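Okay, upload08.cif is below, mmCIF, C-alpha atoms:
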data_work
#
loop_
_atom_site.group_PDB
_atom_site.id
_atom_site.type_symbol
_atom_site.label_atom_id
_atom_site.label_comp_id
_atom_site.auth_asym_id
_atom_site.auth_seq_id
_atom_site.Cartn_x
_atom_site.Cartn_y
_atom_site.Cartn_z
ATOM 1 C CA MET L 47 -128.897 152.727 65.792
ATOM 2 C CA HIS L 48 -127.333 149.468 66.899
ATOM 3 C CA TRP L 49 -123.543 149.510 67.023
ATOM 4 C CA VAL L 50 -123.295 146.604 64.571
ATOM 5 C CA TRP L 51 -124.336 148.774 61.594
ATOM 6 C CA PRO L 52 -121.542 151.341 61.838
ATOM 7 C CA LEU L 53 -119.225 148.413 62.532
ATOM 8 C CA LEU L 54 -120.205 146.755 59.255
ATOM 9 C CA VAL L 55 -120.005 149.992 57.276
ATOM 10 C CA MET L 56 -116.637 151.004 58.707
ATOM 11 C CA GLY L 57 -115.346 147.449 58.318
ATOM 12 C CA GLY L 58 -116.310 147.417 54.636
ATOM 13 C CA ILE L 59 -114.713 150.803 53.999
ATOM 14 C CA PHE L 60 -111.481 149.904 55.701
ATOM 15 C CA CYS L 61 -111.278 146.512 53.987
ATOM 16 C CA CYS L 62 -111.436 148.342 50.656
ATOM 17 C CA THR L 63 -108.894 150.986 51.638
ATOM 18 C CA THR L 64 -106.535 148.320 52.994
ATOM 19 C CA LEU L 65 -106.662 146.436 49.704
ATOM 20 C CA PHE L 66 -106.064 149.644 47.743
ATOM 21 C CA TYR L 67 -103.206 150.669 50.019
ATOM 22 C CA GLN L 68 -101.419 147.348 49.974
ATOM 23 C CA PHE L 69 -102.145 145.872 46.557
ATOM 24 C CA PHE L 70 -104.069 148.070 44.123
ATOM 25 C CA THR L 71 -103.123 151.743 44.349
ATOM 26 C CA PRO L 72 -105.566 153.695 42.148
ATOM 27 C CA GLU L 73 -103.894 155.180 39.070
ATOM 28 C CA THR L 74 -105.087 158.667 39.964
ATOM 29 C CA ILE L 75 -102.736 158.749 42.957
ATOM 30 C CA ALA L 76 -100.107 156.212 41.904
ATOM 31 C CA VAL L 77 -96.712 157.850 41.869
ATOM 32 C CA GLN L 78 -95.719 156.562 38.440
ATOM 33 C CA VAL L 79 -98.645 158.412 36.836
ATOM 34 C CA GLN L 80 -97.940 161.894 38.125
ATOM 35 C CA ALA L 81 -94.191 161.885 38.802
ATOM 36 C CA ALA L 82 -93.282 162.904 35.262
ATOM 37 C CA ALA L 83 -95.856 165.698 35.201
ATOM 38 C CA GLY L 84 -94.184 167.448 38.099
ATOM 39 C CA GLY L 85 -90.830 167.853 36.375
ATOM 40 C CA ALA L 86 -87.488 167.523 38.120
ATOM 41 C CA ALA L 87 -87.731 167.045 41.860
ATOM 42 C CA TYR L 88 -85.354 169.022 44.085
ATOM 43 C CA TRP L 89 -85.177 166.276 46.725
ATOM 44 C CA GLY L 90 -84.436 163.509 44.244
ATOM 45 C CA THR L 91 -86.504 161.039 42.278
ATOM 46 C CA VAL L 92 -90.065 160.786 43.550
ATOM 47 C CA ASP L 93 -90.309 157.303 45.036
ATOM 48 C CA SER L 94 -93.265 157.437 47.417
ATOM 49 C CA ASP L 95 -96.211 155.090 46.942
ATOM 50 C CA PHE L 96 -98.623 157.971 46.522
ATOM 51 C CA ASP L 97 -98.554 161.240 44.585
ATOM 52 C CA TRP L 98 -101.511 163.362 45.535
ATOM 53 C CA CYS L 99 -103.635 165.875 43.643
ATOM 54 C CA GLU L 100 -101.131 168.715 43.106
ATOM 55 C CA ASP L 101 -98.728 169.348 40.247
ATOM 56 C CA ASN L 102 -95.303 168.692 41.733
ATOM 57 C CA HIS L 103 -93.039 171.723 42.207
ATOM 58 C CA ALA L 104 -95.405 173.899 40.199
ATOM 59 C CA TYR L 105 -95.001 176.837 42.590
ATOM 60 C CA LEU L 106 -91.954 176.179 44.768
ATOM 61 C CA THR L 107 -88.618 174.542 44.004
ATOM 62 C CA TYR L 108 -88.213 173.053 47.479
ATOM 63 C CA VAL L 109 -91.821 171.944 48.064
ATOM 64 C CA ALA L 110 -93.502 169.379 45.827
ATOM 65 C CA GLU L 111 -97.042 169.853 47.155
ATOM 66 C CA PRO L 112 -97.326 173.240 48.905
ATOM 67 C CA PHE L 113 -101.042 173.088 49.703
ATOM 68 C CA ASN L 114 -100.847 169.637 51.288
ATOM 69 C CA THR L 115 -97.694 170.711 53.129
ATOM 70 C CA ILE L 116 -99.378 173.834 54.523
ATOM 71 C CA THR L 117 -102.545 172.028 55.615
ATOM 72 C CA SER L 118 -100.457 169.336 57.334
ATOM 73 C CA SER L 119 -99.097 172.031 59.642
ATOM 74 C CA ALA L 120 -102.497 172.039 61.354
ATOM 75 C CA TYR L 121 -101.560 168.866 63.238
ATOM 76 C CA PRO L 122 -98.516 170.158 65.128
ATOM 77 C CA LEU L 123 -100.247 173.489 65.725
ATOM 78 C CA ALA L 124 -103.295 171.683 67.145
ATOM 79 C CA ALA L 125 -101.085 169.497 69.345
ATOM 80 C CA ILE L 126 -99.247 172.514 70.744
ATOM 81 C CA TYR L 127 -102.515 174.375 71.324
ATOM 82 C CA ALA L 128 -104.080 171.359 73.060
ATOM 83 C CA TYR L 129 -101.085 170.954 75.338
ATOM 84 C CA ARG L 130 -101.024 174.635 76.268
ATOM 85 C CA THR L 131 -104.784 174.622 76.873
ATOM 86 C CA HIS L 132 -105.190 171.339 78.727
ATOM 87 C CA GLY L 133 -101.719 170.780 80.134
ATOM 88 C CA PRO L 134 -102.391 172.771 83.320
ATOM 89 C CA LEU L 135 -105.418 170.535 83.976
ATOM 90 C CA GLY L 136 -103.151 167.557 84.563
ATOM 91 C CA LEU L 137 -102.891 165.415 81.452
ATOM 92 C CA SER L 138 -101.849 161.802 81.940
ATOM 93 C CA GLY L 139 -98.608 160.517 80.484
ATOM 94 C CA TRP L 140 -100.513 158.691 77.753
ATOM 95 C CA HIS L 141 -102.407 161.825 76.758
ATOM 96 C CA LYS L 142 -99.124 163.706 76.510
ATOM 97 C CA ALA L 143 -97.723 160.873 74.412
ATOM 98 C CA MET L 144 -100.710 161.112 72.061
ATOM 99 C CA LEU L 145 -100.167 164.848 71.645
ATOM 100 C CA LEU L 146 -96.495 164.212 70.918
ATOM 101 C CA VAL L 147 -97.445 161.628 68.302
ATOM 102 C CA THR L 148 -99.842 164.158 66.750
ATOM 103 C CA LEU L 149 -97.066 166.731 66.570
ATOM 104 C CA VAL L 150 -94.633 164.261 64.983
ATOM 105 C CA MET L 151 -97.346 163.085 62.580
ATOM 106 C CA GLY L 152 -97.871 166.632 61.334
ATOM 107 C CA LEU L 153 -94.164 167.284 60.903
ATOM 108 C CA GLY L 154 -93.724 163.967 59.088
ATOM 109 C CA SER L 155 -96.675 164.749 56.831
ATOM 110 C CA MET L 156 -95.190 168.143 55.977
ATOM 111 C CA VAL L 157 -91.855 166.555 55.059
ATOM 112 C CA PHE L 158 -93.600 163.870 52.999
ATOM 113 C CA HIS L 159 -95.700 166.280 50.942
ATOM 114 C CA ALA L 160 -92.727 168.578 50.466
ATOM 115 C CA THR L 161 -90.421 165.832 49.171
ATOM 116 C CA LEU L 162 -92.568 162.874 48.023
ATOM 117 C CA ARG L 163 -89.795 160.527 49.109
ATOM 118 C CA TYR L 164 -90.541 157.087 50.540
ATOM 119 C CA PRO L 165 -88.639 157.523 53.852
ATOM 120 C CA ALA L 166 -90.671 160.696 54.415
ATOM 121 C CA GLN L 167 -93.834 158.749 53.615
ATOM 122 C CA LEU L 168 -92.994 156.419 56.501
ATOM 123 C CA LEU L 169 -92.508 159.453 58.770
ATOM 124 C CA ASP L 170 -96.057 160.409 57.836
ATOM 125 C CA GLU L 171 -97.615 156.958 58.106
ATOM 126 C CA LEU L 172 -95.951 155.575 61.229
ATOM 127 C CA PRO L 173 -97.141 158.358 63.594
ATOM 128 C CA LEU L 174 -100.640 158.084 62.099
ATOM 129 C CA TYR L 175 -100.565 154.344 62.699
ATOM 130 C CA SER L 176 -99.276 154.914 66.229
ATOM 131 C CA MET L 177 -102.107 157.335 66.903
ATOM 132 C CA ALA L 178 -104.766 154.831 65.826
ATOM 133 C CA ILE L 179 -103.255 151.850 67.624
ATOM 134 C CA LEU L 180 -102.600 153.726 70.869
ATOM 135 C CA ALA L 181 -106.074 155.289 70.840
ATOM 136 C CA ALA L 182 -107.717 151.895 70.316
ATOM 137 C CA SER L 183 -105.646 150.301 73.067
ATOM 138 C CA SER L 184 -106.458 153.178 75.410
ATOM 139 C CA LEU L 185 -110.198 152.717 74.826
ATOM 140 C CA HIS L 186 -109.982 148.974 75.295
ATOM 141 C CA ALA L 187 -107.791 149.252 78.381
ATOM 142 C CA ARG L 188 -110.282 151.639 79.967
ATOM 143 C CA ALA L 189 -113.228 149.388 79.127
ATOM 144 C CA ARG L 190 -111.531 146.203 80.332
ATOM 145 C CA ARG L 191 -109.348 147.766 83.021
ATOM 146 C CA ALA L 192 -106.338 146.231 81.312
ATOM 147 C CA ASP L 193 -103.561 148.606 82.311
ATOM 148 C CA TRP L 194 -100.933 146.337 80.759
ATOM 149 C CA LEU L 195 -102.318 146.812 77.250
ATOM 150 C CA GLN L 196 -101.009 150.317 76.554
ATOM 151 C CA PRO L 197 -97.327 149.582 77.309
ATOM 152 C CA VAL L 198 -97.540 146.398 75.235
ATOM 153 C CA THR L 199 -99.097 148.349 72.364
ATOM 154 C CA ALA L 200 -96.403 151.012 72.580
ATOM 155 C CA GLY L 201 -93.782 148.264 72.452
ATOM 156 C CA TRP L 202 -95.401 146.786 69.350
ATOM 157 C CA VAL L 203 -95.407 150.184 67.658
ATOM 158 C CA LEU L 204 -91.669 150.519 68.339
ATOM 159 C CA VAL L 205 -91.021 147.043 66.906
ATOM 160 C CA LEU L 206 -92.997 147.814 63.748
ATOM 161 C CA ALA L 207 -91.413 151.235 63.260
ATOM 162 C CA THR L 208 -87.908 149.865 63.767
ATOM 163 C CA SER L 209 -88.559 147.002 61.358
ATOM 164 C CA LEU L 210 -89.868 149.287 58.620
ATOM 165 C CA LEU L 211 -87.273 152.020 58.995
ATOM 166 C CA GLY L 212 -84.436 149.530 59.286
ATOM 167 C CA SER L 213 -85.287 147.231 56.381
ATOM 168 C CA ASP L 214 -85.022 147.545 52.620
ATOM 169 C CA ARG L 215 -88.246 148.593 50.952
ATOM 170 C CA ASP L 216 -88.286 145.565 48.641
ATOM 171 C CA SER L 217 -87.425 143.000 51.315
ATOM 172 C CA ALA L 218 -89.905 140.378 52.493
ATOM 173 C CA THR L 219 -89.655 141.720 56.047
ATOM 174 C CA HIS L 220 -90.583 145.228 54.966
ATOM 175 C CA LYS L 221 -93.518 144.078 52.863
ATOM 176 C CA ALA L 222 -94.800 141.825 55.647
ATOM 177 C CA PHE L 223 -94.751 144.612 58.216
ATOM 178 C CA ARG L 224 -96.401 146.990 55.756
ATOM 179 C CA ALA L 225 -99.225 144.477 55.314
ATOM 180 C CA ILE L 226 -99.559 144.012 59.076
ATOM 181 C CA MET L 227 -99.619 147.778 59.536
ATOM 182 C CA ALA L 228 -102.377 148.226 56.960
ATOM 183 C CA VAL L 229 -104.598 145.518 58.440
ATOM 184 C CA THR L 230 -104.143 146.431 62.107
ATOM 185 C CA PHE L 231 -104.650 150.133 61.313
ATOM 186 C CA SER L 232 -108.011 149.308 59.756
ATOM 187 C CA VAL L 233 -109.001 147.132 62.719
ATOM 188 C CA ALA L 234 -107.992 149.858 65.182
ATOM 189 C CA CYS L 235 -109.987 152.522 63.336
ATOM 190 C CA VAL L 236 -113.093 150.329 63.213
ATOM 191 C CA TYR L 237 -112.744 149.689 66.942
ATOM 192 C CA ILE L 238 -112.339 153.390 67.707
ATOM 193 C CA PHE L 239 -115.458 154.364 65.779
ATOM 194 C CA THR L 240 -117.582 151.586 67.289
ATOM 195 C CA ALA L 241 -116.303 151.360 70.865
ATOM 196 C CA GLY L 242 -118.038 154.585 71.921
ATOM 197 C CA GLY L 243 -121.334 153.256 70.637
ATOM 198 C CA GLY L 244 -121.106 150.003 72.520
ATOM 199 C CA GLY L 245 -119.003 147.959 70.109
ATOM 200 C CA GLY L 246 -116.060 147.746 72.478
ATOM 201 C CA GLY L 247 -118.024 146.924 75.575
ATOM 202 C CA GLY L 248 -118.764 143.253 74.850
#
Represent the structure of the file as structure tokens.
Amino acid sequence: MHWVWPLLVMGGIFCCTTLFYQFFTPETIAVQVQAAAGGAAYWGTVDSDFDWCEDNHAYLTYVAEPFNTITSSAYPLAAIYAYRTHGPLGLSGWHKAMLLVTLVMGLGSMVFHATLRYPAQLLDELPLYSMAILAASSLHARARRADWLQPVTAGWVLVLATSLLGSDRDSATHKAFRAIMAVTFSVACVYIFTAGGGGGGG
């Protein structure tokens, strides 16, 4: 199969998900639909953008979505296992950084699903975004022998994370960086899935 076909399919999927994420959150996961059904929230008013498929605080007072919280623990466990297994083989600094991002992503996801608060949502999303962007830049840098790309990408991730965490949710700056994050995440994922098949080789 020519690499252009998975590129088109993945591009179409991620264009749709980007639009849903940024502008048209489906009612089935929109927080305003399910927040009332979960009753009083221990961590405060549910203010995340998304409220997933569990009844909030149905089983535990301190955990809004226990099943999503438990399954999110797979990420830090996998990162620790990978480091213990492959660390002695001599992982590069960037590989170690990716494992650290995976660990932080899992912890952030656990906090998000336990609380359904917007700051925790960012702790879930920002490491996931970092993972995609750094992986795409690593693939491209290897293909093009552009060693400068990874540090620049890491710098961009820090700028975006600082801007989102340090700005008001309703501010123009925050909304602009959220839109940039959604679009560049989609582009990075498309590149990752097509680069191995020839899409990133030019």
Can you tell me, as JSON, the centre and edge lengths (Å, one decimal) of the axis-aligned box enclosing all of segment 191-210 of chain L's listed atoms after padding each side by 3 Å?
{"center_x": -98.6, "center_y": 148.7, "center_z": 70.8, "size_x": 27.4, "size_y": 11.0, "size_z": 30.4}
Output check: residues returned by the PyMOL selection byres ((chain L and resi 113) around 12), as a VMD selection string: chain L and resid 98 to 106 109 to 112 114 to 120 155 to 156 159 to 160
Expected selection from the PyMOL selection byres ((chain L and resi 223-232) around 7), given as a list in words: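 Listing what the PyMOL selection byres ((chain L and resi 223-232) around 7) selects in the shown file: Phe60, Thr64, Gln68, Tyr175, Ala178, Ile179, Leu206, Leu210, Thr219, His220, Lys221, Ala222, Val233, Ala234, Cys235 and Val236 of chain L.
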Length of the atom CA of Asp95 of chain L to atom CA of Leu169 of chain L vector [Å]: 13.1 Å
Among listed residues L:Cys62, L:Leu137, L:Ala241, L:Leu168, nearest Ala189 of chain L (using only C-alpha atoms):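 Ranking L:Cys62, L:Leu137, L:Ala241, L:Leu168 by distance to Ala189 of chain L, first place goes to L:Ala241.
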Point-to-point distance from atom CA of Glu171 of chain L to atom CA of Leu54 of chain L, Å rounded to tenths: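 Separating atom CA of Glu171 of chain L from atom CA of Leu54 of chain L is a distance of 24.8 Å.
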Residues matched by the PyMOL selection byres ((chain L and resi 125) around 12), written as a list in words: Ser119, Ala120, Tyr121, Pro122, Leu123, Ala124, Ile126, Tyr127, Ala128, Tyr129, Arg130, Thr131, His132, Gly133, His141, Lys142, Ala143, Met144, Leu145, Leu146, Val147, Thr148, Leu149, Val150, Met151, Gly152 and Leu153 of chain L
Of the listed residues L:Val92, L:Leu211, L:Ile238, L:Val55, that which approaches Leu172 of chain L most closely, counting only C-alpha atoms: L:Leu211
Å distance separating atom CA of Ala166 of chain L from atom CA of Phe239 of chain L, one decimal place: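 Atom CA of Phe239 of chain L lies at a distance of 28.0 Å from atom CA of Ala166 of chain L.
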Distance criterion (only C-alpha atoms): nearest to Met177 of chain L out of L:Ala218, L:Val198, L:Val203, L:Leu135: L:Val203
Residue nearest Leu204 of chain L among L:Leu180, L:Leu185, L:Ile59, L:Val157 (counting all atoms listed in the file): L:Leu180
Residues within 6 Å of (-86.3, 168.3, 48.7), counting all atoms listed in the file, listed as a VMD selection string: chain L and resid 88 to 89 108 161
